[in-house]
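To be precise, the following lines are upload16.txt, and they hold compact mmCIF, C-alpha atoms.
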# COMPACT_ATOMS: atom_id res chain seq x y z
CA MET M 1 0.00 0.00 0.00
CA MET M 2 2.87 2.30 -0.85
CA LYS M 3 4.04 4.18 -3.92
CA LYS M 4 7.61 5.37 -4.33
CA ARG M 5 6.81 8.40 -6.47
CA LEU M 6 8.36 11.56 -5.12
CA ALA M 7 5.53 13.88 -4.08
CA VAL M 8 5.86 17.64 -4.32
CA LEU M 9 3.58 20.60 -4.87
CA LEU M 10 4.52 22.87 -7.73
CA CYS M 11 1.43 25.02 -8.07
CA GLY M 12 2.32 27.39 -5.22
CA ALA M 13 5.55 28.44 -6.93
CA MET M 14 3.65 29.00 -10.17
CA LEU M 15 1.87 31.95 -8.55
CA LEU M 16 5.02 34.02 -8.32
CA GLY M 17 5.14 35.52 -11.80
CA THR M 18 6.98 34.91 -15.04
CA GLY M 19 10.42 34.61 -13.47
CA SER M 20 9.33 31.84 -11.13
CA VAL M 21 7.34 30.09 -13.81
CA ALA M 22 10.41 30.05 -16.01
CA PHE M 23 12.41 28.55 -13.16
CA ALA M 24 9.85 25.81 -12.69
CA GLU M 25 9.68 25.07 -16.42
CA GLU M 26 13.44 24.78 -16.70
CA ASN M 27 13.51 22.09 -14.01
CA THR M 28 11.88 19.55 -16.32
CA ASP M 29 13.24 16.62 -14.31
CA ALA M 30 11.05 17.76 -11.44
CA GLN M 31 7.82 18.39 -13.31
CA ALA M 32 4.65 17.05 -11.76
CA THR M 33 3.49 13.77 -13.24
CA GLU M 34 0.10 13.91 -11.58
CA THR M 35 -2.21 16.60 -10.24
CA GLU M 36 -3.64 14.77 -7.29
CA ALA M 37 -4.50 17.94 -5.40
CA ALA M 38 -6.50 19.32 -8.32
CA GLU M 39 -8.14 16.13 -9.53
CA GLU M 40 -8.38 13.58 -6.77
CA GLU M 41 -9.27 10.15 -8.05
CA ALA M 42 -12.10 8.22 -6.49
CA VAL M 43 -10.66 6.17 -3.64
CA GLU M 44 -12.01 2.77 -2.71
CA VAL M 45 -11.65 1.79 0.91
CA PRO M 46 -12.53 -1.45 2.71
CA ASP M 47 -15.94 -1.55 4.38
CA ALA M 48 -14.30 -1.60 7.80
CA ALA M 49 -12.64 1.76 7.11
CA LYS M 50 -15.45 3.64 5.35
CA ASP M 51 -16.79 5.52 8.36
CA SER M 52 -13.26 6.55 9.39
CA TYR M 53 -12.45 7.62 5.86
CA ASP M 54 -15.59 9.75 5.70
CA LYS M 55 -14.43 11.46 8.88
CA LEU M 56 -11.00 12.03 7.36
CA GLN M 57 -12.49 13.53 4.20
CA GLU M 58 -14.62 15.90 6.26
CA ALA M 59 -11.50 17.06 8.13
CA GLU M 60 -9.66 17.58 4.85
CA LYS M 61 -12.43 19.90 3.64
CA THR M 62 -12.96 21.88 6.83
CA LEU M 63 -9.73 22.20 8.84
CA LYS M 64 -8.01 25.52 8.13
CA THR M 65 -4.66 26.96 9.09
CA THR M 66 -4.40 30.27 10.92
CA ASP M 67 -3.70 32.01 7.61
CA ASN M 68 -6.83 30.46 6.09
CA HIS M 69 -5.37 27.68 3.96
CA LEU M 70 -6.50 24.07 4.05
CA MET M 71 -4.57 22.21 6.73
CA MET M 72 -4.73 18.74 5.15
CA GLU M 73 -4.05 19.36 1.46
CA ALA M 74 -3.00 16.52 -0.83
CA PRO M 75 0.47 16.49 -2.47
CA LEU M 76 1.41 16.03 -6.12
CA SER M 77 3.78 13.39 -7.52
CA PHE M 78 7.16 14.10 -9.14
CA ASP M 79 9.62 11.83 -10.91
CA ILE M 80 13.13 11.48 -9.51
CA PRO M 81 15.78 12.71 -11.99
CA GLU M 82 18.53 10.30 -12.99
CA VAL M 83 22.08 10.63 -11.73
CA ASP M 84 25.27 8.66 -12.34
CA GLY M 85 26.46 6.65 -9.37
CA ASP M 86 25.40 6.05 -5.80
CA ALA M 87 25.56 8.54 -2.94
CA ALA M 88 29.26 7.91 -2.23
CA TYR M 89 30.13 8.35 -5.91
CA CYS M 90 28.18 11.60 -6.19
CA GLU M 91 29.71 13.10 -3.06
CA GLU M 92 33.22 12.14 -4.21
CA ASN M 93 32.98 13.13 -7.88
CA TYR M 94 30.81 16.26 -7.86
CA GLU M 95 31.69 19.56 -6.22
CA GLU M 96 29.54 20.85 -3.35
CA THR M 97 28.31 23.59 -5.68
CA ASP M 98 26.96 20.94 -8.09
CA ALA M 99 23.41 19.73 -7.37
CA ASN M 100 24.44 16.17 -8.26
CA HIS M 101 26.68 16.12 -5.18
CA TRP M 102 23.55 16.31 -3.01
CA HIS M 103 21.23 14.18 -5.18
CA TYR M 104 20.54 11.49 -2.61
CA LYS M 105 19.94 13.99 0.18
CA GLU M 106 17.59 16.03 -1.98
CA TYR M 107 15.60 13.29 -3.69
CA LEU M 108 15.70 10.40 -1.20
CA ASP M 109 16.59 8.19 -4.18
CA TRP M 110 16.73 4.89 -2.34
CA ASP M 111 16.89 1.28 -3.60
CA GLU M 112 13.44 -0.24 -3.07
CA SER M 113 14.85 -3.75 -3.38
CA ASN M 114 16.38 -3.22 0.06
CA ASP M 115 13.08 -2.27 1.70
CA ALA M 116 12.34 -3.90 5.02
CA LYS M 117 9.24 -5.98 5.60
CA PHE M 118 6.75 -3.30 6.56
CA PRO M 119 3.71 -3.83 8.78
CA GLU M 120 0.49 -4.36 6.86
CA SER M 121 -2.24 -1.78 7.23
CA PRO M 122 -5.15 -2.99 9.38
CA ALA M 123 -7.38 -1.31 6.78
CA ASP M 124 -10.01 -0.58 9.42
CA GLY M 125 -9.62 3.20 9.67
CA GLN M 126 -7.74 5.65 11.84
CA GLU M 127 -10.36 6.20 14.53
CA GLY M 128 -9.17 5.10 17.94
CA LYS M 129 -5.59 4.51 16.77
CA GLU M 130 -2.78 5.63 19.09
CA VAL M 131 0.07 7.59 17.53
CA ILE M 132 3.26 8.73 19.23
CA LEU M 133 4.94 11.82 17.77
CA ILE M 134 8.61 12.37 18.65
CA VAL M 135 9.71 15.89 17.73
CA HIS M 136 13.21 17.40 17.65
CA GLY M 137 13.15 20.11 20.32
CA ALA M 138 11.50 23.09 21.95
CA HIS M 139 10.83 26.02 19.61
CA ALA M 140 7.90 28.27 18.73
CA TRP M 141 7.60 26.34 15.46
CA THR M 142 7.47 23.03 17.33
CA THR M 143 4.66 24.27 19.56
CA CYS M 144 2.68 25.35 16.52
CA TYR M 145 3.34 22.02 14.82
CA THR M 146 2.37 19.83 17.77
CA ASP M 147 -0.79 21.88 18.42
CA ALA M 148 -1.83 21.46 14.78
CA PHE M 149 -0.97 17.74 14.88
CA GLN M 150 -3.24 17.40 17.92
CA GLN M 151 -6.01 19.37 16.23
CA ALA M 152 -5.84 17.17 13.14
CA CYS M 153 -5.77 13.98 15.23
CA ASP M 154 -8.81 15.17 17.18
CA ALA M 155 -10.63 15.84 13.92
CA VAL M 156 -10.02 12.34 12.53
CA GLY M 157 -10.37 10.49 15.84
CA MET M 158 -6.78 9.45 16.57
CA LYS M 159 -5.10 9.59 19.98
CA LEU M 160 -1.79 11.45 20.19
CA THR M 161 1.16 11.41 22.59
CA VAL M 162 4.09 13.81 22.03
CA TYR M 163 7.69 13.41 23.24
CA ASP M 164 10.19 16.28 23.07
CA PRO M 165 13.94 15.43 23.44
CA ASN M 166 14.93 19.13 23.46
CA TRP M 167 17.47 18.85 20.66
CA ASP M 168 19.41 16.02 22.29
CA GLN M 169 20.18 12.99 20.13
CA GLY M 170 20.55 10.66 23.11
CA ASN M 171 17.22 11.80 24.51
CA GLN M 172 15.53 11.23 21.18
CA ASP M 173 16.93 7.71 20.94
CA SER M 174 15.67 7.01 24.46
CA TYR M 175 12.21 8.26 23.54
CA ILE M 176 12.20 5.91 20.56
CA ASP M 177 12.91 3.00 22.90
CA GLN M 178 10.17 4.20 25.24
CA ALA M 179 7.70 4.58 22.39
CA ILE M 180 8.44 1.08 21.08
CA ASN M 181 7.84 -0.35 24.56
CA GLU M 182 4.42 1.32 24.62
CA HIS M 183 3.39 -0.48 21.39
CA PRO M 184 1.45 2.34 19.73
CA ASP M 185 -0.34 1.86 16.42
CA ALA M 186 2.22 4.14 14.72
CA ILE M 187 5.25 6.29 15.48
CA ALA M 188 5.96 9.59 13.72
CA LEU M 189 9.48 10.96 14.11
CA ILE M 190 11.23 14.23 13.27
CA PRO M 191 14.83 12.95 13.10
CA LEU M 192 17.42 15.23 14.67
CA SER M 193 20.12 13.95 12.31
CA ALA M 194 19.64 12.83 8.72
CA ASP M 195 22.65 10.51 9.02
CA HIS M 196 21.41 8.92 12.25
CA ALA M 197 17.87 8.35 11.00
CA THR M 198 18.48 4.95 9.40
CA GLN M 199 19.16 3.17 12.67
CA GLN M 200 16.27 4.98 14.35
CA PHE M 201 13.68 3.95 11.78
CA LYS M 202 15.15 0.45 11.46
CA LYS M 203 14.61 -0.06 15.19
CA ILE M 204 10.97 1.04 14.92
CA THR M 205 10.21 -1.05 11.83
CA ASP M 206 12.01 -4.11 13.19
CA ALA M 207 9.70 -3.84 16.21
CA GLY M 208 6.73 -4.22 13.85
CA ILE M 209 5.46 -0.67 14.38
CA PRO M 210 4.50 1.53 11.38
CA ALA M 211 7.16 4.26 11.08
CA PHE M 212 6.49 7.67 9.53
CA CYS M 213 9.19 10.29 9.02
CA VAL M 214 7.80 13.82 9.32
CA ASN M 215 9.06 17.35 8.65
CA THR M 216 12.80 16.72 8.13
CA THR M 217 14.14 14.32 5.55
CA PRO M 218 16.48 11.46 6.50
CA GLU M 219 19.35 10.07 4.47
CA ALA M 220 18.12 8.09 1.47
CA GLU M 221 19.00 4.72 2.99
CA ALA M 222 16.62 5.36 5.88
CA MET M 223 13.68 5.22 3.47
CA ASN M 224 14.09 1.42 3.42
CA TYR M 225 12.59 1.48 6.93
CA ILE M 226 10.01 4.27 6.52
CA LEU M 227 6.44 3.76 5.37
CA SER M 228 6.12 7.36 4.26
CA TYR M 229 7.80 10.75 4.57
CA THR M 230 5.72 13.92 4.84
CA GLY M 231 7.02 17.47 5.05
CA PRO M 232 8.45 20.42 3.15
CA ASN M 233 10.56 20.21 0.03
CA ASP M 234 13.24 22.48 1.44
CA TRP M 235 15.48 22.00 -1.56
CA TYR M 236 12.89 23.03 -4.12
CA GLN M 237 11.65 26.05 -2.22
CA MET M 238 15.17 27.28 -1.46
CA ARG M 239 16.10 26.95 -5.13
CA THR M 240 13.05 29.05 -5.96
CA LEU M 241 14.13 31.63 -3.39
CA ALA M 242 17.69 31.61 -4.74
CA ASP M 243 16.44 32.20 -8.26
CA MET M 244 14.58 35.28 -7.07
CA LEU M 245 17.73 36.42 -5.23
CA GLY M 246 19.90 35.89 -8.31
CA GLU M 247 17.62 38.11 -10.36
CA LYS M 248 17.65 40.78 -7.65
CA MET M 249 21.48 40.70 -7.62
CA GLU M 250 21.53 40.91 -11.42
CA GLY M 251 23.70 37.81 -11.53
CA LYS M 252 26.75 39.12 -9.70
CA GLY M 253 28.11 39.74 -6.21
CA GLY M 254 28.90 37.87 -3.01
CA VAL M 255 26.61 35.78 -0.78
CA ALA M 256 27.11 34.45 2.74
CA TYR M 257 25.05 31.74 4.43
CA ILE M 258 23.73 31.21 7.96
CA THR M 259 22.76 27.55 8.30
CA HIS M 260 20.31 25.45 10.27
CA ASN M 261 21.51 22.92 12.88
CA VAL M 262 24.45 21.01 11.41
CA GLY M 263 23.57 17.48 10.33
CA GLY M 264 19.81 17.83 9.94
CA SER M 265 18.20 17.91 6.52
CA PRO M 266 17.40 21.68 6.74
CA TYR M 267 21.14 22.30 7.17
CA TYR M 268 21.87 20.80 3.76
CA ALA M 269 18.77 22.02 1.94
CA ARG M 270 18.79 25.61 3.13
CA CYS M 271 22.48 26.14 2.45
CA TYR M 272 23.39 23.94 -0.51
CA GLY M 273 20.02 24.18 -2.23
CA PRO M 274 20.38 27.91 -2.92
CA MET M 275 24.14 27.64 -3.36
CA THR M 276 23.91 25.04 -6.13
CA GLU M 277 21.07 26.94 -7.81
CA LEU M 278 23.08 30.14 -7.87
CA ALA M 279 26.22 28.32 -9.06
CA GLU M 280 24.34 26.80 -11.99
CA LYS M 281 22.33 29.82 -13.11
CA TYR M 282 24.41 32.76 -11.86
CA PRO M 283 28.09 31.72 -12.00
CA ASP M 284 29.28 35.29 -11.27
CA ILE M 285 27.68 35.16 -7.82
CA LYS M 286 30.29 33.92 -5.36
CA THR M 287 30.00 32.23 -1.97
CA LEU M 288 31.89 34.23 0.66
CA ASP M 289 31.32 32.19 3.82
CA ILE M 290 29.12 29.64 5.61
CA GLN M 291 28.51 29.89 9.36
CA SER M 292 26.37 27.94 11.85
CA PRO M 293 25.88 30.19 14.90
CA GLY M 294 22.52 28.69 15.85
CA PHE M 295 19.28 30.57 16.33
CA GLU M 296 20.09 33.26 18.89
CA ALA M 297 19.67 36.71 17.35
CA SER M 298 22.71 38.09 19.21
CA LYS M 299 25.05 35.39 17.86
CA VAL M 300 23.80 35.84 14.31
CA LYS M 301 24.17 39.61 14.64
CA GLN M 302 27.81 39.15 15.63
CA VAL M 303 28.53 36.86 12.66
CA VAL M 304 26.93 39.27 10.20
CA SER M 305 28.74 42.25 11.76
CA ASP M 306 32.01 40.38 11.31
CA TRP M 307 31.14 39.67 7.69
CA ILE M 308 30.42 43.34 7.02
CA THR M 309 33.79 44.28 8.48
CA LYS M 310 35.67 41.53 6.64
CA TYR M 311 34.05 41.66 3.21
CA GLY M 312 32.85 45.25 2.99
CA ASP M 313 31.15 46.03 -0.30
CA ASP M 314 31.79 42.50 -1.55
CA LEU M 315 29.01 41.27 0.77
CA ASN M 316 25.85 41.79 -1.25
CA ALA M 317 23.43 39.17 0.06
CA ILE M 318 22.76 36.83 2.97
CA VAL M 319 20.77 33.58 2.90
CA LEU M 320 19.29 32.53 6.25
CA ALA M 321 17.94 29.15 7.33
CA ASP M 322 15.46 30.84 9.68
CA ASP M 323 13.28 33.92 9.28
CA SER M 324 12.72 34.59 12.98
CA ASP M 325 15.66 35.10 15.38
CA GLN M 326 18.31 34.61 12.68
CA ALA M 327 16.59 37.22 10.53
CA ILE M 328 16.27 39.64 13.44
CA GLY M 329 20.00 39.33 14.20
CA ALA M 330 21.03 39.77 10.56
CA ALA M 331 18.74 42.77 10.06
CA GLU M 332 20.04 44.45 13.23
CA ALA M 333 23.66 43.99 12.13
CA CYS M 334 22.98 45.49 8.70
CA GLU M 335 21.06 48.40 10.22
CA ALA M 336 23.82 49.12 12.74
CA ALA M 337 26.38 49.22 9.93
CA GLY M 338 24.21 51.36 7.68
CA ARG M 339 24.13 48.58 5.08
CA ASP M 340 20.59 48.69 3.72
CA ASP M 341 21.98 47.52 0.37
CA ILE M 342 22.53 43.92 1.56
CA VAL M 343 19.75 41.67 0.26
CA ILE M 344 18.53 39.17 2.87
CA VAL M 345 16.34 36.14 2.15
CA ALA M 346 15.28 33.39 4.52
CA ALA M 347 13.35 30.17 4.97
CA GLY M 348 10.01 30.95 6.66
CA ILE M 349 7.38 31.74 7.67
CA SER M 350 7.08 33.32 11.14
CA LYS M 351 5.43 36.53 12.29
CA GLN M 352 8.87 38.04 12.89
CA GLY M 353 9.87 37.20 9.34
CA LEU M 354 6.67 38.55 7.83
CA ASP M 355 7.08 41.82 9.74
CA LEU M 356 10.65 42.11 8.46
CA VAL M 357 9.43 41.61 4.89
CA LYS M 358 6.83 44.34 5.41
CA ASP M 359 9.53 46.66 6.78
CA GLY M 360 11.79 45.97 3.80
CA LYS M 361 14.50 44.35 5.94
CA LEU M 362 13.91 40.94 4.38
CA TYR M 363 13.66 40.85 0.60
CA GLY M 364 11.76 37.56 0.61
CA MET M 365 11.25 34.24 2.31
CA SER M 366 9.86 30.81 1.56
CA TYR M 367 6.35 29.89 2.65
CA GLN M 368 6.52 26.70 4.68
CA THR M 369 3.21 26.01 6.37
CA CYS M 370 3.82 24.65 9.87
CA GLN M 371 0.20 23.66 10.46
CA GLY M 372 -0.12 22.22 6.97
CA ASP M 373 3.00 20.16 7.66
CA ALA M 374 1.26 18.54 10.64
CA GLY M 375 -1.98 18.18 8.73
CA LEU M 376 -0.33 16.35 5.84
CA ALA M 377 1.31 13.93 8.27
CA VAL M 378 -1.99 13.13 9.97
CA ARG M 379 -3.72 12.78 6.61
CA THR M 380 -1.10 10.34 5.32
CA ILE M 381 -1.07 8.23 8.50
CA SER M 382 -4.88 8.13 8.47
CA GLU M 383 -5.00 7.06 4.83
CA TRP M 384 -2.59 4.24 5.57
CA PHE M 385 -4.81 3.03 8.43
CA CYS M 386 -7.73 3.12 5.99
CA GLY M 387 -5.91 0.75 3.65
CA ILE M 388 -5.24 3.39 0.99
CA ASP M 389 -2.07 3.43 -1.10
CA VAL M 390 0.19 6.23 0.11
CA ASN M 391 3.19 7.80 -1.59
CA ARG M 392 6.50 7.05 0.06
CA VAL M 393 7.45 10.74 -0.16
CA ASN M 394 4.92 13.55 0.24
CA TYR M 395 5.77 17.24 0.03
CA LEU M 396 3.94 20.40 1.07
CA ARG M 397 2.77 23.27 -1.06
CA THR M 398 5.40 25.98 -1.38
CA ASP M 399 5.46 29.66 -2.26
CA VAL M 400 7.68 32.71 -1.93
CA VAL M 401 6.64 35.64 0.25
CA THR M 402 7.52 39.17 -0.81
CA SER M 403 6.31 42.62 0.15
CA GLU M 404 3.67 42.30 -2.56
CA ASN M 405 1.82 39.26 -1.17
CA THR M 406 2.19 39.32 2.62
CA ALA M 407 -1.57 39.63 3.06
CA ASP M 408 -2.00 36.13 1.63
CA PHE M 409 -0.19 34.64 4.63
CA GLU M 410 -1.73 36.52 7.56
CA PRO M 411 -2.23 36.04 10.40
CA CYS M 412 0.95 34.00 10.74
CA GLN M 413 0.80 30.47 12.11
CA TRP M 414 3.61 31.08 14.63
As structure tokens - that is how I would like this structure written.
Amino acid sequence: MMKKRLAVLLCGAMLLGTGSVAFAEENTDAQATETEAAEEEAVEVPDAAKDSYDKLQEAEKTLKTTDNHLMMEAPLSFDIPEVDGDAAYCEENYEETDANHWHYKEYLDWDESNDAKFPESPADGQEGKEVILIVHGAHAWTTCYTDAFQQACDAVGMKLTVYDPNWDQGNQDSYIDQAINEHPDAIALIPLSADHATQQFKKITDAGIPAFCVNTTPEAEAMNYILSYTGPNDWYQMRTLADMLGEKMEGKGGVAYITHNVGGSPYYARCYGPMTELAEKYPDIKTLDIQSPGFEASKVKQVVSDWITKYGDDLNAIVLADDSDQAIGAAEACEAAGRDDIVIVAAGISKQGLDLVKDGKLYGMSYQTCQGDAGLAVRTISEWFCGIDVNRVNYLRTDVVTSENTADFEPCQW
């Protein structure tokens, strides 16, 4: 009851204007092969799951995010582009500025022949099922996500327990052991480390418990132990953001990067996604530096201040992995130095980030719906309990937020 097709939503990016449409059209390897969100096929479910499925469908039609979008939207399906060699070959033979270097991190291009024996769906619906969600750590985003996950579970009749390891890998591993001992009907995990995810999901699947990876992508090999991944396509949306940045910079200048937590999938996607896009399409734009100061505004401010001193007029743009505290720190550093010419873009979307876009301190940011992220996870898990085929990889709708469209994303989800 699984389909490998890579799921991603393209239509959000198509709203951005001719430049963004051209970007999407040029990426022919990533064109949508189906429009499941626009034309949902009739789904047959076993008699035992029909009442539960009706409840799920009602939730899909009625649950809304804070900014008035559907919380449980369906994804589209994309084909995985071909690449020469396995992950080790790509990382050894392609430069970090070449998208092929990161192919297996971006596309989760795993070998299905190595798939584990997955639990069979009970095909009797999601109502009454117990799900344990293990998140990564405390953050305003995490609170928003877990609240929405609970709301969606309440709407479809599932029971939810949440464990928070507070950004500690050892704690997360311990929570996985605890969750397995509790024998829930499913476990959903936001892996702290992409490289550590394989052993985590293997342990869950070997215990006979349905394993769902949510929000952050694992290494490709981990997919052999994951029923389904749901979450953002960080790579795609950051490439879209980078394309907009490249046009703003008129194809020349210097860029510096503030990353996400080292080792997690957002670290790779939000740094090397835009970097490889700029390298391919705007070769005269140079990378000046990459730093990982975390998410405290004061630490980011210090890094950016140091960049301004070191690089002077050669620093023309900054790409941030976070549009809240990181963006506040970067904006404060630029303001203190009188550098309103530095173009800043970020992954989003928080209220702080949206306010900075309105104030002109952020040129743009990606739209990554936190509540929709949770809703898609609950939808996918529910469909699996109903005996419905689910895609192995499911991505959220994406968009780019600029000063021209902020009203479409208010009030912010977090």
What's around Leu396 (chain M) at 8 Å? Count only C-alpha atoms, leave out sequence neighbours fewer than 2 positions away in its own chain, and write the answer as a compact mmCIF listing (two decimals) with C-alpha atoms, in the coordinates of the input.
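around13.txt was written with the following content:
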# COMPACT_ATOMS: atom_id res chain seq x y z
CA VAL M 8 5.86 17.64 -4.32
CA LEU M 9 3.58 20.60 -4.87
CA PRO M 75 0.47 16.49 -2.47
CA THR M 230 5.72 13.92 4.84
CA GLY M 231 7.02 17.47 5.05
CA PRO M 232 8.45 20.42 3.15
CA ASN M 233 10.56 20.21 0.03
CA GLN M 368 6.52 26.70 4.68
CA THR M 369 3.21 26.01 6.37
CA GLY M 372 -0.12 22.22 6.97
CA ASP M 373 3.00 20.16 7.66
CA LEU M 376 -0.33 16.35 5.84
CA ASN M 394 4.92 13.55 0.24
CA THR M 398 5.40 25.98 -1.38
Exercise. Identify which of the residues M:Ala207, M:Ala297, M:Met244, M:Ala220 lies closest to Glu106 (chain M), counting only C-alpha atoms when measuring atom-to-atom distances.
Key: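 Selected residue with least distance to Glu106 (chain M): M:Ala220.
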Practice problem: Considering only C-alpha atoms, return as a ChimeraX atom specification whatever protein or nucleic-acid residues lie within 10 Å of Val345 (chain M), sequence-local ones (same chain, fewer than 6 positions apart) excluded. | Solution: /M:238,241-242,244-245,317-323,327,353,357,361-366,401-402
Quiz item: Do you know which residues are at most 10 Å from region 129-144 of chain M counting only C-alpha atoms, after dropping those on the same chain fewer than 3 positions away, and could you put them as a PyMOL selection string?
Solution: chain M and resi 124-126+147-150+153+156-169+171-173+175-176+179-180+182-193+210+212-216+324+349-350+370-371+374+378+381-382+385+413-414
Pull C-alpha atoms from the residues just selected and write them as a PDB file, in the frame of the given file.
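Below is the file part.pdb, written as the result:
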ATOM      1  CA  ASP M 124     -10.010  -0.580   9.420  1.00  0.00           C
ATOM      2  CA  GLY M 125      -9.620   3.200   9.670  1.00  0.00           C
ATOM      3  CA  GLN M 126      -7.740   5.650  11.840  1.00  0.00           C
ATOM      4  CA  ASP M 147      -0.790  21.880  18.420  1.00  0.00           C
ATOM      5  CA  ALA M 148      -1.830  21.460  14.780  1.00  0.00           C
ATOM      6  CA  PHE M 149      -0.970  17.740  14.880  1.00  0.00           C
ATOM      7  CA  GLN M 150      -3.240  17.400  17.920  1.00  0.00           C
ATOM      8  CA  CYS M 153      -5.770  13.980  15.230  1.00  0.00           C
ATOM      9  CA  VAL M 156     -10.020  12.340  12.530  1.00  0.00           C
ATOM     10  CA  GLY M 157     -10.370  10.490  15.840  1.00  0.00           C
ATOM     11  CA  MET M 158      -6.780   9.450  16.570  1.00  0.00           C
ATOM     12  CA  LYS M 159      -5.100   9.590  19.980  1.00  0.00           C
ATOM     13  CA  LEU M 160      -1.790  11.450  20.190  1.00  0.00           C
ATOM     14  CA  THR M 161       1.160  11.410  22.590  1.00  0.00           C
ATOM     15  CA  VAL M 162       4.090  13.810  22.030  1.00  0.00           C
ATOM     16  CA  TYR M 163       7.690  13.410  23.240  1.00  0.00           C
ATOM     17  CA  ASP M 164      10.190  16.280  23.070  1.00  0.00           C
ATOM     18  CA  PRO M 165      13.940  15.430  23.440  1.00  0.00           C
ATOM     19  CA  ASN M 166      14.930  19.130  23.460  1.00  0.00           C
ATOM     20  CA  TRP M 167      17.470  18.850  20.660  1.00  0.00           C
ATOM     21  CA  ASP M 168      19.410  16.020  22.290  1.00  0.00           C
ATOM     22  CA  GLN M 169      20.180  12.990  20.130  1.00  0.00           C
ATOM     23  CA  ASN M 171      17.220  11.800  24.510  1.00  0.00           C
ATOM     24  CA  GLN M 172      15.530  11.230  21.180  1.00  0.00           C
ATOM     25  CA  ASP M 173      16.930   7.710  20.940  1.00  0.00           C
ATOM     26  CA  TYR M 175      12.210   8.260  23.540  1.00  0.00           C
ATOM     27  CA  ILE M 176      12.200   5.910  20.560  1.00  0.00           C
ATOM     28  CA  ALA M 179       7.700   4.580  22.390  1.00  0.00           C
ATOM     29  CA  ILE M 180       8.440   1.080  21.080  1.00  0.00           C
ATOM     30  CA  GLU M 182       4.420   1.320  24.620  1.00  0.00           C
ATOM     31  CA  HIS M 183       3.390  -0.480  21.390  1.00  0.00           C
ATOM     32  CA  PRO M 184       1.450   2.340  19.730  1.00  0.00           C
ATOM     33  CA  ASP M 185      -0.340   1.860  16.420  1.00  0.00           C
ATOM     34  CA  ALA M 186       2.220   4.140  14.720  1.00  0.00           C
ATOM     35  CA  ILE M 187       5.250   6.290  15.480  1.00  0.00           C
ATOM     36  CA  ALA M 188       5.960   9.590  13.720  1.00  0.00           C
ATOM     37  CA  LEU M 189       9.480  10.960  14.110  1.00  0.00           C
ATOM     38  CA  ILE M 190      11.230  14.230  13.270  1.00  0.00           C
ATOM     39  CA  PRO M 191      14.830  12.950  13.100  1.00  0.00           C
ATOM     40  CA  LEU M 192      17.420  15.230  14.670  1.00  0.00           C
ATOM     41  CA  SER M 193      20.120  13.950  12.310  1.00  0.00           C
ATOM     42  CA  PRO M 210       4.500   1.530  11.380  1.00  0.00           C
ATOM     43  CA  PHE M 212       6.490   7.670   9.530  1.00  0.00           C
ATOM     44  CA  CYS M 213       9.190  10.290   9.020  1.00  0.00           C
ATOM     45  CA  VAL M 214       7.800  13.820   9.320  1.00  0.00           C
ATOM     46  CA  ASN M 215       9.060  17.350   8.650  1.00  0.00           C
ATOM     47  CA  THR M 216      12.800  16.720   8.130  1.00  0.00           C
ATOM     48  CA  SER M 324      12.720  34.590  12.980  1.00  0.00           C
ATOM     49  CA  ILE M 349       7.380  31.740   7.670  1.00  0.00           C
ATOM     50  CA  SER M 350       7.080  33.320  11.140  1.00  0.00           C
ATOM     51  CA  CYS M 370       3.820  24.650   9.870  1.00  0.00           C
ATOM     52  CA  GLN M 371       0.200  23.660  10.460  1.00  0.00           C
ATOM     53  CA  ALA M 374       1.260  18.540  10.640  1.00  0.00           C
ATOM     54  CA  VAL M 378      -1.990  13.130   9.970  1.00  0.00           C
ATOM     55  CA  ILE M 381      -1.070   8.230   8.500  1.00  0.00           C
ATOM     56  CA  SER M 382      -4.880   8.130   8.470  1.00  0.00           C
ATOM     57  CA  PHE M 385      -4.810   3.030   8.430  1.00  0.00           C
ATOM     58  CA  GLN M 413       0.800  30.470  12.110  1.00  0.00           C
ATOM     59  CA  TRP M 414       3.610  31.080  14.630  1.00  0.00           C
TER      60      TRP M 414
END
Practice problem: Kindly indicate which residue among M:Thr66, M:His101, M:Ala197, M:Asp325 lies nearest to Phe409 (chain M), using only C-alpha atoms for the distances. | Solution: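 The answer is M:Thr66, which sits nearest to Phe409 (chain M).
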Practice problem: Please work out which residues fall within 10 Å of (27.1, 41.0, -2.3), coordinates as given in the file, with only C-alpha atoms counting, and return them as number ranges by chain. | Solution: M: 249, 252-256, 285-288, 311-318, 341-343
Quiz prompt | Top pick for closest residue to Cys334 (chain M), considering M:Lys301, M:Lys358, M:Lys203, M:Lys351 and counting only C-alpha atoms | solution = M:Lys301
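Picture a line from CA of Ser113 (chain M) to CA of Asp195 (chain M); it runs 20.4 Å.
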